[in-house]
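Read through the structure below, which is laid out as structure tokens, and then see the notes.
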Amino acid sequence: MTLVLLAGTLNRVMIVEMGVHASIVSIMLAMPLLFAPFRTLIGFKSDTNKSALGLKRVPWVWKGTIYQFGGFAMMPFALLVLSGFGESYDAPRWIGISAAALAFLLVGAGAHIVQTAGLALATDLVEEEDHPKVVGLMYVMLLFGSVASALIYGFLLSNYTPGRLIQVIQGTALVSVALNMAALWRQEAFDRAKAREMEAAVHPTFKDAFNELMAQRGMIPLLAVIALGTFAYGMADVLLEPYGGQALGLSVGDTTKLSALFAFGTLSGFGLASRVLGRGMKPMHLGLLGAIIGVPGFGAIIYSSLLPMFALFVVGTYVVGFGIGLFGHATLTATMRAAPSDRIGLALGAWGAVQATAAGLGIALAGVVRDGLVAMPGVFGSGAAGPYNTVFALEAFLLLIAIVFAVPLALSRDK
């Protein structure tokens with residue numbers, strides 16, 4: 001719900017209805033990315049948390065929820081000041097920009113904290129053989145929440161007014177708190193004996209714990225695979241629809257249908273990954289397969305404009321989505337299983353920091369690289385498809401590098 005509101009609904013409202021410059025909007029939407037590297041520290045803090053009630057992860061999910069609520073509470077008013085609405089038209093520019101930046105940063109920080117501590121809590125609660133089911137459920141609910149939220153926001157903002165925007169954003173704040181509190185209900189029990197153990201426990205510093213985790217066999221190559229694969233797949237996320245429109249001449253309705261096909265492919269990948277990992281397949285075997293599948297997928301997308309053949313674009317779109325599902329599920333499951341029992345939060349925080357940063361950079365750089373190639377016509381292929389195809393070829397190349405790192409992990413006995 002939060003991701004759809006920030007990257008989808010507010011992206012359009014700020015540029016179209018509010019008249020905010022696109023460069024300012026892109027900076028605001030990138031603010032949550034600034035907190036992503038701190039997920040490793042958050043995971044470590046949840047591992048070593050001390051609570052008088054014996055709670056370990058729940059307090060951190062609650063803290064993240066409060067940050068997110070605070071950001072949403074101030075966001076609509078900050079955006080109205082930023083756009084110069086009403087009596088704020090003569091307010092200093094820096095007030096609107098700084099207030100909006102703080103709101104986006106708080107929402108992003110809250111979302112990162114909740115996901116990091118929540119993943120660690122889920123790992124604590126289930127046996128290792130059930131990890132694939134948890135990861136699959138998480139991704140399915142993420143897709144379901146995205147689709148449902150997009151439809152609801154579209155209905156509520158069909159007749160846009162500043163007052164309705166305030167209601168929608170603050171309603172989102174209230175619903176997010178309610179959902180998170182429902183999710184936390186009785187997940188950790190009050191335990192005074194555990195609280196006394198927490199108080200007496202001696203933990204290493206964050207630096208020592210992080211160095212110990214990175215020294216663990218296979219951890220750095222695993223994070224490298226996650227970074228390369230997520231970056232490569234992330235670049236495709238924002239280019240497929242404009243590619244279909246400019247290179248293949250598809251209508252808005254057709255490209256929207258292809259986005260649904262892309263999501264269905266991702267969902268299919270999640271479903272298959274949950275099934276085969278639950279039956280004992282090694283996560284890195286599946287992660288390697290997820291990276292390999294993406295290469296011919298991007299090849300099909302490239303050749304769909306060169307031949308031209310629309311069917312290849314359809315097949316390539318589904319295959320890339322399917323590869324994303326396999327790769328994302330498998331690498332997260334591999335991280336959960338590689339984490340030491342007393343450093344689960346730290347390991348999942350490292351996964352989150354790498355994954356979120358790589359995805360954000362991939363999405364941000366995709367458009368920049370494409371625009372840069374457009375400025376050099378004829379150098380990277382003729383026509384509207386040339387710059388896009390060059391980016392898709394770069395993504396396939398990055399996946400090949402990820403495969404090189406993944407092969408030793410897949411051949412390792414303990415992966």
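Here's how to read the names in the structure tokens: chain A, B, ... by the order shown, residue numbers from 1 in each chain, ligand numbers from 1 in the order shown.
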
Polymer residues at most 7 Å from A:Tyr388, only C-alpha atoms, same-chain spacing of 4 or more positions, as a list in words: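 Using only C-alpha atoms, the neighbours found are Tyr243, Arg370 and Phe392 of chain A.
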
Give the alpha helix (DSSP H) residues of stretch 120-280 of chain A, as assigned by DSSP on the backbone, as an MDAnalysis selection string. chainID A and resid 120:125 131:156 162:184 192:200 206:215 219:237 240:246 252:278

Counting only C-alpha atoms, what is within 8 Å of A:Val61, bar same-chain residues fewer than 6 positions away, as a list of chain:residue names?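 My reading of the contact set: A:Ile113, A:Val114, A:Gln115, A:Ala117, A:Gly118, A:Asn180.
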
Would you mind exporting N, CA and C atoms of the selected residues as an mmCIF file, in the first residue's frame?
```
data_model
loop_
_atom_site.group_PDB
_atom_site.id
_atom_site.type_symbol
_atom_site.label_atom_id
_atom_site.label_comp_id
_atom_site.auth_asym_id
_atom_site.auth_seq_id
_atom_site.Cartn_x
_atom_site.Cartn_y
_atom_site.Cartn_z
ATOM 1 N N ILE A 113 12.298 -0.318 8.406
ATOM 2 C CA ILE A 113 12.389 -0.902 9.750
ATOM 3 C C ILE A 113 11.376 -2.024 9.915
ATOM 4 N N VAL A 114 10.140 -1.771 9.486
ATOM 5 C CA VAL A 114 9.086 -2.776 9.625
ATOM 6 C C VAL A 114 9.432 -4.034 8.840
ATOM 7 N N GLN A 115 9.911 -3.868 7.606
ATOM 8 C CA GLN A 115 10.205 -5.055 6.804
ATOM 9 C C GLN A 115 11.383 -5.840 7.373
ATOM 10 N N ALA A 117 12.639 -5.936 10.577
ATOM 11 C CA ALA A 117 12.283 -6.611 11.828
ATOM 12 C C ALA A 117 11.196 -7.653 11.601
ATOM 13 N N GLY A 118 10.278 -7.374 10.681
ATOM 14 C CA GLY A 118 9.214 -8.338 10.411
ATOM 15 C C GLY A 118 9.731 -9.613 9.779
ATOM 16 N N ASN A 180 -0.455 -3.298 10.784
ATOM 17 C CA ASN A 180 0.766 -3.728 11.468
ATOM 18 C C ASN A 180 0.476 -4.235 12.874
#
```

Please list as a ChimeraX atom specification every residue within 9 Å of A:Gly352, counting only C-alpha atoms and excluding residues in the same chain fewer than 5 positions away. /A:36-37,39-40,112,115-116,347,357

List the neighbours of A:Ser46 out to 7 Å using only C-alpha atoms; skip same-chain residues closer than 4 positions along the sequence, and give me the result as a list in words.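 Contacts, in chain order: Ile42, Lys56, Arg57, Trp60, Ala117 and Gly345 of chain A.
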
Okay, now the selection with all heavy atoms, as a compact mmCIF listing (two decimals), in the first residue's frame?
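Output below, filename again-v9.txt:
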```txt
# COMPACT_ATOMS: atom_id res chain seq x y z
N ILE A 42 19.65 -1.85 11.73
CA ILE A 42 18.35 -2.14 12.34
C ILE A 42 18.22 -3.62 12.66
O ILE A 42 17.75 -4.01 13.74
CB ILE A 42 17.20 -1.68 11.41
CG1 ILE A 42 17.25 -0.16 11.23
CG2 ILE A 42 15.86 -2.11 11.96
CD1 ILE A 42 17.14 0.63 12.51
N LYS A 56 11.54 -9.10 21.48
CA LYS A 56 12.76 -8.94 20.69
C LYS A 56 12.52 -8.15 19.41
O LYS A 56 13.17 -7.13 19.17
CB LYS A 56 13.32 -10.32 20.37
CG LYS A 56 14.71 -10.31 19.74
CD LYS A 56 15.22 -11.74 19.57
CE LYS A 56 16.62 -11.78 19.01
NZ LYS A 56 17.10 -13.18 18.81
N ARG A 57 11.60 -8.61 18.58
CA ARG A 57 11.36 -7.97 17.28
C ARG A 57 10.19 -7.00 17.30
O ARG A 57 10.21 -5.99 16.60
CB ARG A 57 11.08 -9.03 16.21
CG ARG A 57 12.02 -10.20 16.19
CD ARG A 57 13.39 -9.85 15.70
NE ARG A 57 14.22 -11.06 15.59
CZ ARG A 57 15.51 -11.05 15.32
NH1 ARG A 57 16.15 -9.91 15.12
NH2 ARG A 57 16.20 -12.19 15.23
N TRP A 60 10.63 -3.17 17.54
CA TRP A 60 11.18 -2.52 16.36
C TRP A 60 10.14 -2.38 15.26
O TRP A 60 10.13 -1.38 14.54
CB TRP A 60 12.40 -3.29 15.86
CG TRP A 60 13.60 -2.98 16.68
CD1 TRP A 60 14.09 -3.68 17.74
CD2 TRP A 60 14.42 -1.81 16.56
NE1 TRP A 60 15.17 -3.04 18.29
CE2 TRP A 60 15.41 -1.89 17.58
CE3 TRP A 60 14.45 -0.73 15.70
CZ2 TRP A 60 16.38 -0.92 17.74
CZ3 TRP A 60 15.41 0.25 15.86
CH2 TRP A 60 16.37 0.14 16.86
N ALA A 117 12.64 -5.94 10.58
CA ALA A 117 12.28 -6.61 11.83
C ALA A 117 11.20 -7.65 11.60
O ALA A 117 11.19 -8.72 12.25
CB ALA A 117 11.83 -5.58 12.87
N GLY A 345 18.53 -11.12 12.30
CA GLY A 345 18.20 -9.75 11.94
C GLY A 345 19.30 -9.07 11.17
O GLY A 345 19.05 -8.34 10.20
```

Using only C-alpha atoms, determine which residues lie at most 9 Å from A:Leu53, disregarding the query and same-chain residues fewer than 6 positions distant; provide the list as a PDB file with N, CA, C and O atoms, in the first residue's frame.
```pdb
ATOM      1  N   ALA A 189       5.536 -13.589  23.031  1.00  0.00           N
ATOM      2  CA  ALA A 189       4.895 -13.635  24.340  1.00  0.00           C
ATOM      3  C   ALA A 189       5.691 -12.826  25.357  1.00  0.00           C
ATOM      4  O   ALA A 189       6.924 -12.731  25.273  1.00  0.00           O
ATOM      5  N   PHE A 190       4.975 -12.220  26.325  1.00  0.00           N
ATOM      6  CA  PHE A 190       5.650 -11.560  27.440  1.00  0.00           C
ATOM      7  C   PHE A 190       6.366 -12.620  28.277  1.00  0.00           C
ATOM      8  O   PHE A 190       5.781 -13.632  28.667  1.00  0.00           O
ATOM      9  N   ASP A 191       7.630 -12.398  28.544  1.00  0.00           N
ATOM     10  CA  ASP A 191       8.432 -13.405  29.251  1.00  0.00           C
ATOM     11  C   ASP A 191       9.473 -12.679  30.098  1.00  0.00           C
ATOM     12  O   ASP A 191      10.490 -12.205  29.579  1.00  0.00           O
ATOM     13  N   ARG A 192       9.244 -12.620  31.424  1.00  0.00           N
ATOM     14  CA  ARG A 192      10.168 -11.899  32.306  1.00  0.00           C
ATOM     15  C   ARG A 192      11.494 -12.651  32.446  1.00  0.00           C
ATOM     16  O   ARG A 192      12.551 -12.035  32.605  1.00  0.00           O
ATOM     17  N   ALA A 193      11.439 -13.996  32.375  1.00  0.00           N
ATOM     18  CA  ALA A 193      12.692 -14.759  32.449  1.00  0.00           C
ATOM     19  C   ALA A 193      13.571 -14.448  31.231  1.00  0.00           C
ATOM     20  O   ALA A 193      14.787 -14.269  31.357  1.00  0.00           O
ATOM     21  N   LYS A 194      12.955 -14.363  30.065  1.00  0.00           N
ATOM     22  CA  LYS A 194      13.695 -14.004  28.865  1.00  0.00           C
ATOM     23  C   LYS A 194      14.221 -12.582  28.961  1.00  0.00           C
ATOM     24  O   LYS A 194      15.328 -12.276  28.490  1.00  0.00           O
ATOM     25  N   ALA A 195      13.441 -11.699  29.602  1.00  0.00           N
ATOM     26  CA  ALA A 195      13.883 -10.319  29.777  1.00  0.00           C
ATOM     27  C   ALA A 195      15.139 -10.249  30.634  1.00  0.00           C
ATOM     28  O   ALA A 195      16.053  -9.459  30.359  1.00  0.00           O
TER      29      ALA A 195
END
```

Residue contacts of stretch 306-308 of chain A (10 Å, only C-alpha atoms) excluding same-chain residues fewer than 5 positions away, as a compact mmCIF listing (two decimals) with N, CA, C and O atoms, in the first residue's frame:
```txt
# COMPACT_ATOMS: atom_id res chain seq x y z
N ALA A 247 8.72 1.54 -29.25
CA ALA A 247 9.41 0.65 -30.19
C ALA A 247 8.45 -0.23 -30.97
O ALA A 247 8.70 -0.55 -32.14
N LEU A 248 7.34 -0.63 -30.34
CA LEU A 248 6.42 -1.56 -31.00
C LEU A 248 5.08 -0.92 -31.37
O LEU A 248 4.24 -1.58 -31.96
N ALA A 300 14.61 -12.15 -26.05
CA ALA A 300 13.34 -12.15 -26.77
C ALA A 300 12.77 -10.75 -26.88
O ALA A 300 12.22 -10.36 -27.93
N ILE A 301 12.90 -9.95 -25.83
CA ILE A 301 12.39 -8.58 -25.86
C ILE A 301 13.15 -7.76 -26.90
O ILE A 301 12.56 -6.98 -27.65
N PHE A 313 7.82 -10.32 -27.76
CA PHE A 313 7.74 -9.36 -26.66
C PHE A 313 6.86 -9.90 -25.54
O PHE A 313 7.19 -9.75 -24.36
N ALA A 385 13.82 2.02 -30.80
CA ALA A 385 14.15 0.81 -30.04
C ALA A 385 15.62 0.73 -29.65
O ALA A 385 15.96 0.03 -28.69
N GLY A 386 16.51 1.43 -30.36
CA GLY A 386 17.94 1.29 -30.13
C GLY A 386 18.38 1.51 -28.69
O GLY A 386 19.03 0.65 -28.09
N ASN A 389 17.00 -1.26 -26.39
CA ASN A 389 17.66 -2.55 -26.60
C ASN A 389 19.05 -2.58 -25.99
O ASN A 389 19.51 -3.62 -25.50
```

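Using only C-alpha atoms, the shortest contact distance between A:Thr335 and any of A:Ile401, A:Met31, A:Val147, A:Ile220 is found at A:Ile220.
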
What is the distance between atom CA of A:Asp130 and atom CA of A:Gly218, in Å to one decimal?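 Atom CA of A:Asp130 sits 22.4 Å away from atom CA of A:Gly218.
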
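Minimum distance to A:Ser259 across A:Pro132, A:Gly321, A:Gly271, A:Gly43 (counting only C-alpha atoms) occurs at A:Gly321.
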